[in-house]
Every structure is written in structure tokens, then in C-alpha cells.
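Here's coords-v5.cif, which has mmCIF, C-alpha atoms and all ligand atoms:
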```cif
data_work
#
loop_
_atom_site.label_atom_id
_atom_site.label_comp_id
_atom_site.auth_asym_id
_atom_site.auth_seq_id
_atom_site.Cartn_x
_atom_site.Cartn_y
_atom_site.Cartn_z
CA MET B 351 17.66 -28.88 -1.40
CA GLN B 352 13.92 -28.32 -1.19
CA GLY B 353 11.49 -29.63 -3.80
CA TRP B 354 10.88 -26.27 -5.38
CA GLN B 355 14.59 -25.63 -5.82
CA ASN B 356 14.93 -28.89 -7.71
CA ILE B 357 12.05 -27.97 -9.97
CA LEU B 358 13.67 -24.64 -10.67
CA LYS B 359 16.98 -26.29 -11.47
CA ASN B 360 15.29 -28.17 -14.30
CA SER B 361 14.10 -24.99 -16.01
CA ILE B 362 14.51 -24.45 -19.72
CA THR B 363 16.92 -21.62 -20.39
CA ARG B 364 17.79 -22.25 -24.05
CA ALA B 365 15.65 -22.41 -27.18
CA GLU B 366 16.99 -25.85 -28.15
CA ASP B 367 15.66 -27.34 -24.92
CA LEU B 368 12.03 -26.56 -25.67
CA PRO B 369 10.12 -29.86 -26.06
CA VAL B 370 9.99 -31.11 -29.64
CA ALA B 371 6.28 -31.67 -29.18
CA PHE B 372 5.80 -27.94 -29.80
CA GLY B 373 7.04 -28.37 -33.35
CA PRO B 374 9.70 -26.31 -35.11
CA ILE B 375 10.92 -23.37 -33.03
CA ASP B 376 11.69 -20.18 -34.93
CA GLU B 377 15.11 -18.62 -34.72
CA GLY B 378 13.82 -15.57 -32.85
CA VAL B 379 13.57 -17.66 -29.69
CA ALA B 380 17.31 -18.33 -29.63
CA LEU B 381 18.23 -14.79 -30.69
CA ALA B 382 16.06 -13.07 -28.09
CA SER B 383 17.11 -15.44 -25.32
CA GLN B 384 20.70 -14.32 -25.85
CA VAL B 385 19.70 -10.74 -25.10
CA TYR B 386 17.08 -11.21 -22.39
CA PRO B 387 17.14 -14.19 -20.04
CA MET B 388 14.77 -17.10 -20.49
CA ARG B 389 13.66 -19.38 -17.70
CA ILE B 390 10.67 -21.66 -17.99
CA ASN B 391 10.36 -24.03 -15.09
CA PRO B 392 8.78 -27.48 -15.56
CA TYR B 393 5.60 -26.45 -13.74
CA TYR B 394 4.87 -23.42 -15.92
CA LEU B 395 5.96 -25.37 -19.01
CA SER B 396 3.34 -28.01 -18.18
CA LEU B 397 0.63 -25.35 -18.44
CA ILE B 398 1.56 -24.35 -21.99
CA ARG B 399 -0.75 -26.19 -24.37
CA GLN B 400 0.68 -25.14 -27.69
CA LYS B 401 3.08 -22.85 -29.46
CA GLY B 402 1.85 -19.27 -29.40
CA ASP B 403 -0.85 -19.71 -26.75
CA PRO B 404 -1.26 -17.03 -24.04
CA LEU B 405 1.10 -18.80 -21.63
CA TRP B 406 3.69 -19.42 -24.33
CA LYS B 407 3.62 -15.73 -25.17
CA GLN B 408 4.41 -14.79 -21.58
CA ALA B 409 7.27 -17.28 -21.25
CA VAL B 410 8.97 -17.89 -24.59
CA PRO B 411 11.23 -15.23 -26.15
CA CYS B 412 10.51 -13.96 -29.66
CA LEU B 413 12.08 -11.82 -32.33
CA GLU B 414 9.82 -8.83 -31.63
CA GLU B 415 11.72 -8.31 -28.38
CA LEU B 416 14.70 -7.27 -30.47
CA ARG B 417 12.69 -5.16 -32.92
CA ASP B 418 11.39 -2.56 -30.50
CA ASP B 419 12.42 0.98 -31.37
CA VAL B 420 9.53 2.64 -29.55
CA CYS B 421 10.07 1.82 -25.88
CA PHE B 422 12.70 2.63 -23.24
CA GLU B 423 15.08 0.65 -21.03
CA ASP B 424 13.77 2.21 -17.83
CA PRO B 425 10.36 3.71 -18.66
CA LEU B 426 9.45 4.46 -15.04
CA ASN B 427 12.75 6.25 -14.43
CA GLU B 428 13.39 3.93 -11.51
CA GLU B 429 17.15 4.27 -11.58
CA ASN B 430 16.90 8.03 -11.00
CA LEU B 431 14.31 7.58 -8.26
CA SER B 432 16.62 5.29 -6.28
CA PRO B 433 18.32 7.09 -3.39
CA VAL B 434 20.20 3.85 -2.69
CA PRO B 435 20.57 0.96 -5.13
CA ASN B 436 17.52 -1.31 -5.38
CA LEU B 437 15.21 0.99 -3.44
CA ILE B 438 12.76 3.22 -5.30
CA HIS B 439 11.26 6.12 -3.41
CA LYS B 440 8.66 7.70 -5.66
CA TYR B 441 5.64 8.28 -3.43
CA PRO B 442 5.62 10.21 -0.15
CA ASP B 443 4.83 7.39 2.26
CA ARG B 444 6.01 4.16 0.66
CA VAL B 445 8.98 2.58 -1.06
CA LEU B 446 9.68 -0.29 -3.36
CA PHE B 447 12.53 -2.42 -2.03
CA LEU B 448 14.11 -4.87 -4.49
CA VAL B 449 15.60 -7.79 -2.60
CA CYS B 450 16.11 -10.51 -5.21
CA SER B 451 17.21 -10.44 -8.85
CA GLN B 452 15.83 -13.86 -9.80
CA CYS B 453 12.36 -15.07 -10.76
CA ALA B 454 10.74 -18.47 -11.14
CA MET B 455 10.12 -17.54 -14.78
CA TYR B 456 11.32 -14.59 -16.81
CA CYS B 457 8.18 -12.94 -18.13
CA ARG B 458 8.71 -11.56 -21.60
CA PHE B 459 6.79 -8.37 -20.74
CA CYS B 460 8.70 -7.60 -17.51
CA THR B 461 8.95 -3.91 -16.64
CA ARG B 462 12.45 -4.47 -15.27
CA LYS B 463 13.50 -6.51 -18.28
CA ARG B 464 16.64 -4.36 -18.45
CA LYS B 465 18.02 -6.09 -15.38
CA VAL B 466 15.90 -8.83 -13.80
CA GLY B 467 17.69 -12.18 -14.07
CA THR B 468 20.89 -10.61 -15.38
CA SER B 469 24.22 -9.56 -13.92
CA ARG B 470 23.03 -5.95 -14.21
CA MET B 471 20.89 -6.44 -11.13
CA VAL B 472 23.23 -6.70 -8.17
CA ILE B 473 21.82 -7.34 -4.73
CA THR B 474 24.29 -7.80 -1.93
CA ARG B 475 24.26 -7.84 1.87
CA GLU B 476 25.52 -4.27 1.67
CA SER B 477 22.80 -3.08 -0.70
CA LEU B 478 20.16 -4.72 1.52
CA ALA B 479 21.64 -3.06 4.60
CA ALA B 480 21.68 0.30 2.81
CA GLY B 481 17.99 -0.12 1.92
CA ILE B 482 17.08 -0.95 5.52
CA ALA B 483 19.09 2.03 6.78
CA TYR B 484 17.32 4.33 4.30
CA ILE B 485 13.90 3.18 5.53
CA GLU B 486 15.03 3.64 9.13
CA ASN B 487 16.19 7.17 8.41
CA HIS B 488 12.96 8.15 6.66
CA PRO B 489 10.16 7.87 9.21
CA GLU B 490 7.63 9.07 6.62
CA ILE B 491 7.84 5.60 5.04
CA ARG B 492 4.96 3.64 6.50
CA ASP B 493 4.57 1.03 3.77
CA VAL B 494 7.41 -1.11 2.38
CA LEU B 495 6.87 -3.11 -0.78
CA ILE B 496 9.31 -5.94 -1.02
CA SER B 497 9.83 -6.95 -4.62
CA GLY B 498 12.53 -7.82 -7.16
CA GLY B 499 12.81 -10.04 -9.22
CA ASP B 500 10.84 -12.26 -6.92
CA PRO B 501 11.41 -12.18 -3.16
CA LEU B 502 10.05 -15.71 -2.79
CA LEU B 503 13.04 -17.02 -4.71
CA LEU B 504 15.11 -16.31 -1.62
CA SER B 505 15.41 -19.08 0.94
CA ASP B 506 13.06 -18.95 3.93
CA GLU B 507 16.04 -17.90 6.07
CA GLN B 508 17.12 -15.04 3.82
CA LEU B 509 13.58 -13.72 3.51
CA ASP B 510 13.00 -14.08 7.26
CA GLU B 511 16.11 -12.02 7.90
CA ILE B 512 14.98 -9.19 5.59
CA LEU B 513 11.44 -9.17 6.94
CA THR B 514 12.73 -9.16 10.52
CA ALA B 515 14.92 -6.15 9.78
CA VAL B 516 12.06 -4.24 8.15
CA ARG B 517 9.56 -5.19 10.85
CA ARG B 518 11.93 -3.94 13.54
CA ILE B 519 11.61 -0.37 12.19
CA PRO B 520 8.89 1.22 14.34
CA THR B 521 7.73 3.69 11.66
CA VAL B 522 6.96 0.90 9.17
CA GLU B 523 3.26 0.14 9.53
CA ILE B 524 2.65 -2.38 6.77
CA ILE B 525 4.78 -4.70 4.67
CA ARG B 526 3.79 -5.91 1.24
CA ILE B 527 5.46 -8.62 -0.80
CA GLY B 528 5.14 -8.61 -4.58
CA THR B 529 5.57 -12.11 -5.95
CA ARG B 530 4.59 -14.08 -9.02
CA VAL B 531 5.48 -17.38 -7.38
CA PRO B 532 1.89 -18.43 -6.54
CA CYS B 533 1.34 -18.36 -10.31
CA THR B 534 4.65 -19.49 -11.75
CA LEU B 535 5.98 -21.88 -9.08
CA PRO B 536 3.23 -22.50 -6.53
CA MET B 537 5.13 -25.36 -4.88
CA ARG B 538 7.46 -22.72 -3.46
CA VAL B 539 4.67 -21.81 -1.06
CA THR B 540 5.39 -24.43 1.56
CA VAL B 541 3.74 -24.83 4.96
CA ARG B 542 7.05 -23.68 6.43
CA LEU B 543 7.09 -20.50 4.33
CA ALA B 544 3.51 -19.61 5.27
CA GLY B 545 4.34 -20.24 8.94
CA MET B 546 7.36 -17.94 8.71
CA LEU B 547 5.49 -15.13 6.94
CA LYS B 548 2.79 -15.13 9.60
CA LYS B 549 5.22 -13.54 12.07
CA PHE B 550 5.24 -10.27 10.16
CA HIS B 551 1.65 -9.09 10.19
CA PRO B 552 0.23 -6.79 8.99
CA LEU B 553 1.67 -8.38 5.87
CA TYR B 554 0.01 -8.26 2.45
CA ILE B 555 0.90 -10.21 -0.66
CA ASN B 556 0.38 -8.88 -4.12
CA THR B 557 0.61 -11.65 -6.64
CA HIS B 558 0.42 -11.61 -10.41
CA PHE B 559 -1.76 -13.80 -12.64
CA ASN B 560 -2.53 -12.86 -16.24
CA HIS B 561 -4.61 -15.69 -17.65
CA PRO B 562 -7.34 -18.06 -16.40
CA ALA B 563 -5.22 -21.09 -17.42
CA GLU B 564 -2.78 -20.06 -14.68
CA ILE B 565 -5.43 -20.67 -12.01
CA THR B 566 -4.64 -24.32 -11.34
CA PRO B 567 -5.22 -26.60 -8.33
CA GLU B 568 -1.56 -26.00 -7.40
CA ALA B 569 -2.01 -22.23 -7.51
CA ALA B 570 -5.20 -22.56 -5.46
CA LYS B 571 -3.31 -24.57 -2.85
CA ALA B 572 -0.50 -22.01 -2.63
CA CYS B 573 -2.94 -19.11 -2.28
CA GLY B 574 -5.02 -21.08 0.23
CA ARG B 575 -1.92 -21.57 2.36
CA LEU B 576 -1.04 -17.89 2.33
CA ALA B 577 -4.62 -16.81 2.97
CA GLY B 578 -4.79 -19.41 5.72
CA ALA B 579 -1.82 -17.69 7.35
CA GLY B 580 -3.97 -14.56 7.51
CA ILE B 581 -2.29 -12.80 4.60
CA PRO B 582 -4.65 -10.77 2.42
CA LEU B 583 -3.90 -11.60 -1.22
CA SER B 584 -4.36 -9.30 -4.16
CA CYS B 585 -3.39 -9.45 -7.81
CA GLN B 586 -1.67 -7.11 -10.22
CA THR B 587 -2.52 -8.19 -13.73
CA VAL B 588 -0.90 -6.70 -16.81
CA LEU B 589 -3.06 -6.12 -19.86
CA LEU B 590 -1.20 -7.95 -22.63
CA ARG B 591 -1.94 -8.23 -26.32
CA GLY B 592 -2.69 -11.81 -27.32
CA VAL B 593 -2.77 -12.94 -23.69
CA ASN B 594 -5.75 -11.38 -21.93
CA ASP B 595 -6.85 -8.46 -24.12
CA ASP B 596 -10.49 -9.42 -24.44
CA PRO B 597 -13.45 -9.00 -22.08
CA LEU B 598 -14.31 -12.68 -21.70
CA THR B 599 -10.78 -13.81 -20.80
CA MET B 600 -10.42 -10.95 -18.36
CA ARG B 601 -13.73 -11.62 -16.67
CA GLU B 602 -12.93 -15.31 -16.29
CA LEU B 603 -9.53 -14.45 -14.82
CA MET B 604 -10.94 -11.99 -12.30
CA GLN B 605 -13.70 -14.36 -11.20
CA LYS B 606 -11.28 -17.29 -10.88
CA LEU B 607 -8.92 -15.17 -8.78
CA LEU B 608 -11.69 -14.56 -6.25
CA ARG B 609 -12.33 -18.31 -6.09
CA ILE B 610 -8.73 -18.88 -5.01
CA ARG B 611 -9.05 -16.06 -2.43
CA VAL B 612 -7.16 -13.43 -4.40
CA ARG B 613 -8.69 -9.98 -4.78
CA PRO B 614 -7.96 -8.21 -8.10
CA TYR B 615 -6.10 -4.98 -7.27
CA TYR B 616 -4.60 -3.41 -10.38
CA LEU B 617 -5.00 -4.04 -14.06
CA PHE B 618 -1.96 -2.35 -15.54
CA GLN B 619 -1.73 -0.81 -18.92
CA ALA B 620 1.53 -2.30 -20.27
CA ASP B 621 4.56 -0.14 -19.55
CA MET B 622 6.70 1.23 -22.37
CA THR B 623 9.55 -1.15 -21.60
CA ARG B 624 12.06 -1.84 -24.35
CA GLY B 625 11.56 -5.30 -25.77
CA THR B 626 7.88 -5.45 -24.88
CA ASN B 627 6.23 -3.16 -27.44
CA HIS B 628 4.46 -6.11 -29.07
CA PHE B 629 2.43 -6.64 -25.89
CA ARG B 630 0.98 -3.13 -25.75
CA THR B 631 -2.67 -2.37 -26.47
CA PRO B 632 -4.47 0.95 -26.93
CA VAL B 633 -6.01 2.40 -23.76
CA ALA B 634 -9.44 2.38 -25.43
CA LEU B 635 -9.35 -1.42 -25.33
CA GLY B 636 -8.52 -1.42 -21.62
CA LYS B 637 -11.45 0.92 -20.97
CA GLU B 638 -13.74 -1.33 -22.96
CA ILE B 639 -12.62 -4.30 -20.86
CA MET B 640 -13.28 -2.30 -17.67
CA ARG B 641 -16.72 -1.39 -18.98
CA SER B 642 -17.42 -5.07 -19.52
CA LEU B 643 -16.56 -5.80 -15.88
CA ILE B 644 -18.04 -2.87 -13.97
CA GLY B 645 -21.60 -3.66 -12.92
CA HIS B 646 -21.65 -6.88 -14.89
CA THR B 647 -19.85 -8.90 -12.24
CA SER B 648 -19.00 -8.66 -8.52
CA GLY B 649 -17.40 -5.36 -7.61
CA LEU B 650 -14.72 -7.46 -5.91
CA ALA B 651 -13.76 -8.81 -9.32
CA VAL B 652 -13.12 -5.31 -10.68
CA PRO B 653 -9.52 -4.11 -10.45
CA THR B 654 -8.36 -0.52 -10.81
CA TYR B 655 -7.16 -0.02 -14.37
CA ALA B 656 -4.01 2.07 -14.12
CA LEU B 657 -1.19 3.43 -16.17
CA ASP B 658 2.20 3.83 -14.55
CA ALA B 659 3.22 7.18 -15.99
CA PRO B 660 6.40 7.11 -18.08
CA GLY B 661 9.15 9.09 -16.41
CA GLY B 662 8.15 8.08 -12.90
CA GLY B 663 4.93 10.08 -12.47
CA GLY B 664 3.25 7.25 -10.62
CA LYS B 665 0.12 5.20 -11.21
CA ILE B 666 -2.80 7.03 -12.72
CA PRO B 667 -6.24 5.39 -12.73
CA LEU B 668 -7.97 5.12 -16.10
CA LEU B 669 -11.73 4.81 -15.91
CA PRO B 670 -14.33 4.43 -18.60
CA ASP B 671 -16.37 7.61 -18.58
CA TYR B 672 -19.93 7.27 -17.36
CA VAL B 673 -20.62 10.98 -16.92
CA ARG B 674 -22.24 12.75 -19.88
CA GLU B 675 -22.93 16.16 -18.35
CA GLU B 676 -21.82 17.63 -15.08
CA GLY B 677 -23.80 20.79 -14.27
CA GLU B 678 -26.80 21.58 -12.07
CA GLN B 679 -27.85 18.18 -13.07
CA LEU B 680 -25.52 15.22 -13.43
CA VAL B 681 -26.34 13.14 -16.46
CA PHE B 682 -24.68 9.76 -16.59
CA ALA B 683 -25.01 6.35 -18.12
CA ASN B 684 -25.33 3.23 -16.01
CA TYR B 685 -23.38 0.06 -16.79
CA ARG B 686 -26.02 -0.97 -19.30
CA GLY B 687 -25.95 2.36 -21.10
CA MET B 688 -29.22 3.60 -19.63
CA THR B 689 -29.30 7.36 -19.05
CA CYS B 690 -29.64 8.37 -15.40
CA PHE B 691 -29.96 11.75 -13.64
CA TYR B 692 -28.87 13.13 -10.31
CA ASP B 693 -29.62 16.57 -8.89
CA ASN B 694 -26.26 18.23 -8.56
CA SER B 695 -27.34 21.70 -7.33
CA CYS B 696 -26.68 21.01 -3.65
C1 LIG B 701 3.55 0.72 -7.63
C2 LIG B 701 4.51 1.34 -6.76
C3 LIG B 701 4.21 1.56 -5.40
C4 LIG B 701 2.90 1.15 -4.78
O1 LIG B 701 1.82 1.80 -5.30
P1 LIG B 701 0.36 1.53 -4.70
O2 LIG B 701 -0.55 2.32 -5.58
O3 LIG B 701 0.40 2.00 -3.28
O4 LIG B 701 0.12 0.06 -4.77
C5 LIG B 701 5.16 2.16 -4.63
N1 LIG B 701 6.34 2.55 -5.13
C6 LIG B 701 6.65 2.36 -6.43
C7 LIG B 701 7.95 2.84 -6.91
C8 LIG B 701 5.74 1.74 -7.27
O5 LIG B 701 6.07 1.54 -8.56
S1 LIG B 702 7.94 -12.34 -12.08
FE1 LIG B 702 7.74 -10.09 -12.12
S2 LIG B 702 9.84 -9.33 -11.91
FE2 LIG B 702 9.98 -11.47 -12.50
S3 LIG B 702 10.15 -11.47 -14.73
FE3 LIG B 702 7.97 -11.71 -14.23
S4 LIG B 702 7.17 -9.61 -14.24
FE4 LIG B 702 9.43 -9.45 -14.09
#
```
Could you take the file, read its structure, and then write that structure out as C-alpha cells?
Ligand SMILES: *Cc1c(COP(=O)(O)O)cnc(C)c1O
Ligand code: SF4
Amino acid sequence: MQGWQNILKNSITRAEDLPVAFGPIDEGVALASQVYPMRINPYYLSLIRQKGDPLWKQAVPCLEELRDDVCFEDPLNEENLSPVPNLIHKYPDRVLFLVCSQCAMYCRFCTRKRKVGTSRMVITRESLAAGIAYIENHPEIRDVLISGGDPLLLSDEQLDEILTAVRRIPTVEIIRIGTRVPCTLPMRVTVRLAGMLKKFHPLYINTHFNHPAEITPEAAKACGRLAGAGIPLSCQTVLLRGVNDDPLTMRELMQKLLRIRVRPYYLFQADMTRGTNHFRTPVALGKEIMRSLIGHTSGLAVPTYALDAPGGGGKIPLLPDYVREEGEQLVFANYRGMTCFYDNSC
């Protein structure tokens, strides 16, 4: 067994196994962990400083998960947009292909909370083959996003096999992998893994960090290895109440991502996923955070703030509004609020 698999094996999956150093644990932890899976591996656990901090909130179940009567099991209507199980075809030229039901940690805010890490998510050789066949039979698909769960929880051999099958399809131009492993279990990113992934270029990795305290030397090493293998890295961050919902935390996160060679890609407004209502924030706050980034720091550190439309409408960008008047003359504010003009009569 490889090192990372041993680490994973020692994960906390029950409330009573949380270290006593955190103090008394409220009963919601046990109750919620019976409904939605809990997995906190020793690495991520070591980053939690105290009960209720931003990393705790992402990892440790709580009673609010069971008190959500606002949100939906499958807010993005993924099940109805799946022509074959575990493949979501929502956009014209790309698909989301779910190849693993496990993750290195079960994030409390997960969009696929209804099934990730449970027996309700069934991935088999047959379902994988059906996904590959679907992509083969739909030449309009030029971009395949491999996700889950977390694809990097598969063994190198399993992942190699899937990537080989996808890469063999001539109409597939690019492959993307969505993985939270560089953040939640960076030791999974071995030299061997990076060497294997290199065979599948053009390959992109979208990772997922939500808080500056997740940018550790270990995470930097994992990202450095992937970037060193020529894989462009980007990040999909979720805007989460009590985790990163303030301009200073967000700016620090975005700047630190660039230092570990990860380009911020999306900042997602939290989905309306049942059991995650307590993480949601009003869109006005997201726009304010975007306003605090745009112009004030490197454009590279500015993600696209987007809302994945409930019902499966797709990702819609949400921008703070700089335009005040759009007529013969465009009147707009710059990032500092100064009024600017542009002749628009052309
Ligand atoms: C997010 C998503 C994609 C990829 O969207 P991009 O904007 O190209 O990153 C593709 N398919 C599904 C179902 C998605 O949810
Ligand atoms: S790593 Fe991604 S898929 Fe897995 S629990 Fe977290 S958000 Fe969900």
C-alpha cells in the first residue's frame, strides 16, 4: 500500500474519534455524520486549529445539515442530464464524467452531497465503459471533465486506464481533471502520478482550495509537481459563509494560489444543495468581494464569480456593475469609484 493510502485509512469517520483536544463535541456531529458521510484524514485534521474555524467548518458535520428545508437533493438537475449513469451532458461541447465515488475528505458543502461517499454513487467497469462509449458516439464532445468524487482517489493504474480510453477518442481535444486532492491530501500527488499524467496532454487540472490556511508547504509541493509535469492548474473556490466570505480572506487565498502556481478560475456562489444551506451567502456579498479584488490586485488573482443555475441552466457569471449609463456616451466607475467616460457613438 502506498503512503497516501495509509494516511487515508487513518481518517476520522465518527464523531467520537475527533481529538479530545478540541473540547466537548456537540451531538450534531454524530447525528449529521449518520446521514452524510464524514471523512477527515490526518493531514487535513492537522490543519484544523480549533473547533469552529474555517477548516473545521468544511470538514466536521453539524446539526444544520439536518435542518435544511430550503435546498434540494440535486439542485443542478444532474440526474436528469445524465444520458448514461455518471456522465452529465449539459453543455454542447463538453461533458462531466464521474469516475470515482470517494474523496480524501467529505466536504460538508459538497454539491453532490446526495451521493458522494455513499452507496448511492455506484461506479462500475460497466458504467465507465458506457461513459467512454457515449463520448465516442458524440463527436461534438471536445472537452471531457473527469471528476467524481475525486478521480485522484483511484490508483495510478485505474486512472491511467480511464485516461488512456478517453485520450484514444480522436474527437476529444482536451481532458480536464477536477480534484481536491492537492488541498486535502497532497501526498497523493506522487512523482509517479505526475509522470503518468504527463502522457495525456493537453491535460488540465482544476483543483479546489477555499481558505489560505490550506495553502501549505505540502500543497505547494503537490502543485509544483503537477505544474512541473506541464499541467496548467486552476482553482474552483466555493464562496462559503464563515469560511472565506470576506474580502481580506479571499484576496489572501487568491494571491497564495498564484504563489503555488494555481490560477484562480471560478469563485462559485454556493449551490442550493440540501444540507448546505448554512453555507450560503447573498450574491451582494460575492459582488462586494469581487469588487475588492478587481483592479486592486493582479488580474490573474481574479476568478470569475459564477452561479450554477438551479435546474441545470449552467454557469452564469455574476459581475459587479461598473457601468452607470450606456448611451451615446458610456459612463462608468473605475475600481476606485472614480467616474470615467467613453465615447460610445461609433
Ligand atoms: C461546470 C461544468 C462543466 C464545465 O464548465 P466550464 O465553464 O467549461 O468550466 C461542464 N459540464 C458540467 C455538467 C458542469 O457542471
Ligand atoms: S472533494 Fe469535491 S466531490 Fe469530494 S466531497 Fe469535497 S466538494 Fe464534494
Could you tell me, counting only C-alpha atoms and all ligand atoms, which protein and nucleic acid residues lie no more than 9 Å from ligand LIG 701 (chain B), written as a PDB file with C-alpha atoms, in the coordinates of the input?
```pdb
ATOM      1  CA  LEU B 426       9.450   4.460 -15.040  1.00  0.00           C
ATOM      2  CA  GLU B 428      13.390   3.930 -11.510  1.00  0.00           C
ATOM      3  CA  LEU B 431      14.310   7.580  -8.260  1.00  0.00           C
ATOM      4  CA  LEU B 437      15.210   0.990  -3.440  1.00  0.00           C
ATOM      5  CA  ILE B 438      12.760   3.220  -5.300  1.00  0.00           C
ATOM      6  CA  HIS B 439      11.260   6.120  -3.410  1.00  0.00           C
ATOM      7  CA  LYS B 440       8.660   7.700  -5.660  1.00  0.00           C
ATOM      8  CA  TYR B 441       5.640   8.280  -3.430  1.00  0.00           C
ATOM      9  CA  ASP B 443       4.830   7.390   2.260  1.00  0.00           C
ATOM     10  CA  ARG B 444       6.010   4.160   0.660  1.00  0.00           C
ATOM     11  CA  VAL B 445       8.980   2.580  -1.060  1.00  0.00           C
ATOM     12  CA  LEU B 446       9.680  -0.290  -3.360  1.00  0.00           C
ATOM     13  CA  PHE B 447      12.530  -2.420  -2.030  1.00  0.00           C
ATOM     14  CA  ASP B 493       4.570   1.030   3.770  1.00  0.00           C
ATOM     15  CA  VAL B 494       7.410  -1.110   2.380  1.00  0.00           C
ATOM     16  CA  LEU B 495       6.870  -3.110  -0.780  1.00  0.00           C
ATOM     17  CA  ASN B 556       0.380  -8.880  -4.120  1.00  0.00           C
ATOM     18  CA  TYR B 615      -6.100  -4.980  -7.270  1.00  0.00           C
ATOM     19  CA  TYR B 616      -4.600  -3.410 -10.380  1.00  0.00           C
ATOM     20  CA  ASP B 658       2.200   3.830 -14.550  1.00  0.00           C
ATOM     21  CA  GLY B 662       8.150   8.080 -12.900  1.00  0.00           C
ATOM     22  CA  GLY B 664       3.250   7.250 -10.620  1.00  0.00           C
ATOM     23  CA  LYS B 665       0.120   5.200 -11.210  1.00  0.00           C
ATOM     24  CA  ILE B 666      -2.800   7.030 -12.720  1.00  0.00           C
TER      25      ILE B 666
END
```
Within 6 Å of ligand LIG 702 (chain B), which residues of chain B show up? Give each one with its shortest atom-to-atom distance in Å (one decimal) and the two atoms involved, counting all atoms listed in the file, rows by chain then rising residue number, as CSV.
```
residue,atom,partner,partner_atom,distance
B:Cys453,CA,B:LIG702,FE2,4.7
B:Tyr456,CA,B:LIG702,S3,3.9
B:Cys457,CA,B:LIG702,FE3,4.1
B:Cys460,CA,B:LIG702,FE4,4.0
B:Arg462,CA,B:LIG702,FE4,5.9
B:Gly498,CA,B:LIG702,S2,5.7
B:Gly499,CA,B:LIG702,S2,4.1
B:Asp500,CA,B:LIG702,FE2,5.7
B:Arg530,CA,B:LIG702,S1,4.9
```
Segment 568-577 of chain B environment, 6 Å, only C-alpha atoms, sequence neighbours closer than 5 positions dropped, as a list in words: Pro532, Cys533, Pro536, Val539, Ala544 and Ile610 of chain B
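Atom CA of Leu603 of chain B sits 8.8 Å away from atom CA of Glu564 of chain B.
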Name the residues within 10 Å of (1.8, -9.6, 5.3), counting only C-alpha atoms in the file's coordinates, and put them as an MDAnalysis selection string. chainID B and resid 513 524:527 547:556 576:577 579:583
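You can rank B:Ser396, B:Thr599, B:Thr566, B:Ser642 by their closest distance to Arg686 of chain B using all atoms listed in the file, and at the top of that list sits B:Ser642.
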Taking all atoms of segment 581-596 of chain B that the file lists and extending 3 Å past them on each side, where is the centre of the axis-aligned box and how long are its edges? Answer in Å to one decimal, as JSON.
```
{"center_x": -5.7, "center_y": -9.5, "center_z": -11.4, "size_x": 15.6, "size_y": 12.8, "size_z": 37.9}
```
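Pairwise distance (atom CA of His646 of chain B, atom CA of Thr557 of chain B) equals 24.2 Å.
You can rank B:Ala634, B:Pro653, B:Tyr394, B:Leu608 by their closest distance to Asp671 of chain B using only C-alpha atoms, and at the top of that list sits B:Ala634.
Shell of Ile362 of chain B at 6 Å, with all atoms listed in the file counted and residues fewer than 2 places along the chain excluded, is Arg364, Arg389 and Ile390 of chain B.
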Atoms are missing here; could segment 571-589 of chain B be completed with N, CA and C atoms and written as an mmCIF file, keeping the file's coordinate frame?
```cif
data_model
loop_
_atom_site.group_PDB
_atom_site.id
_atom_site.type_symbol
_atom_site.label_atom_id
_atom_site.label_comp_id
_atom_site.auth_asym_id
_atom_site.auth_seq_id
_atom_site.Cartn_x
_atom_site.Cartn_y
_atom_site.Cartn_z
ATOM 1 N N LYS B 571 -3.871 -24.061 -4.107
ATOM 2 C CA LYS B 571 -3.310 -24.570 -2.850
ATOM 3 C C LYS B 571 -2.333 -23.558 -2.253
ATOM 4 N N ALA B 572 -1.480 -23.005 -3.111
ATOM 5 C CA ALA B 572 -0.500 -22.010 -2.630
ATOM 6 C C ALA B 572 -1.222 -20.797 -2.048
ATOM 7 N N CYS B 573 -2.222 -20.301 -2.763
ATOM 8 C CA CYS B 573 -2.940 -19.110 -2.280
ATOM 9 C C CYS B 573 -3.723 -19.447 -1.016
ATOM 10 N N GLY B 574 -4.289 -20.653 -0.963
ATOM 11 C CA GLY B 574 -5.020 -21.080 0.230
ATOM 12 C C GLY B 574 -4.093 -21.097 1.452
ATOM 13 N N ARG B 575 -2.884 -21.542 1.255
ATOM 14 C CA ARG B 575 -1.920 -21.570 2.360
ATOM 15 C C ARG B 575 -1.595 -20.178 2.866
ATOM 16 N N LEU B 576 -1.376 -19.266 1.942
ATOM 17 C CA LEU B 576 -1.040 -17.890 2.330
ATOM 18 C C LEU B 576 -2.236 -17.222 2.999
ATOM 19 N N ALA B 577 -3.403 -17.400 2.390
ATOM 20 C CA ALA B 577 -4.620 -16.810 2.970
ATOM 21 C C ALA B 577 -4.888 -17.430 4.336
ATOM 22 N N GLY B 578 -4.617 -18.715 4.451
ATOM 23 C CA GLY B 578 -4.790 -19.410 5.720
ATOM 24 C C GLY B 578 -3.868 -18.875 6.808
ATOM 25 N N ALA B 579 -2.753 -18.299 6.388
ATOM 26 C CA ALA B 579 -1.820 -17.690 7.350
ATOM 27 C C ALA B 579 -2.253 -16.245 7.644
ATOM 28 N N GLY B 580 -3.432 -15.884 7.188
ATOM 29 C CA GLY B 580 -3.970 -14.560 7.510
ATOM 30 C C GLY B 580 -3.443 -13.452 6.622
ATOM 31 N N ILE B 581 -2.865 -13.816 5.495
ATOM 32 C CA ILE B 581 -2.290 -12.800 4.600
ATOM 33 C C ILE B 581 -3.298 -12.430 3.531
ATOM 34 N N PRO B 582 -3.759 -11.171 3.495
ATOM 35 C CA PRO B 582 -4.650 -10.770 2.420
ATOM 36 C C PRO B 582 -3.910 -10.811 1.081
ATOM 37 N N LEU B 583 -4.544 -11.428 0.089
ATOM 38 C CA LEU B 583 -3.900 -11.600 -1.220
ATOM 39 C C LEU B 583 -4.592 -10.724 -2.250
ATOM 40 N N SER B 584 -3.793 -10.048 -3.052
ATOM 41 C CA SER B 584 -4.360 -9.300 -4.160
ATOM 42 C C SER B 584 -3.542 -9.597 -5.416
ATOM 43 N N CYS B 585 -4.032 -9.104 -6.544
ATOM 44 C CA CYS B 585 -3.390 -9.450 -7.810
ATOM 45 C C CYS B 585 -3.160 -8.219 -8.672
ATOM 46 N N GLN B 586 -1.978 -8.143 -9.224
ATOM 47 C CA GLN B 586 -1.670 -7.110 -10.220
ATOM 48 C C GLN B 586 -1.538 -7.818 -11.558
ATOM 49 N N THR B 587 -2.507 -7.574 -12.408
ATOM 50 C CA THR B 587 -2.520 -8.190 -13.730
ATOM 51 C C THR B 587 -2.025 -7.157 -14.731
ATOM 52 N N VAL B 588 -1.309 -7.611 -15.743
ATOM 53 C CA VAL B 588 -0.900 -6.700 -16.810
ATOM 54 C C VAL B 588 -1.748 -7.011 -18.045
ATOM 55 N N LEU B 589 -2.275 -5.964 -18.634
ATOM 56 C CA LEU B 589 -3.060 -6.120 -19.860
ATOM 57 C C LEU B 589 -2.090 -6.363 -21.021
#
```
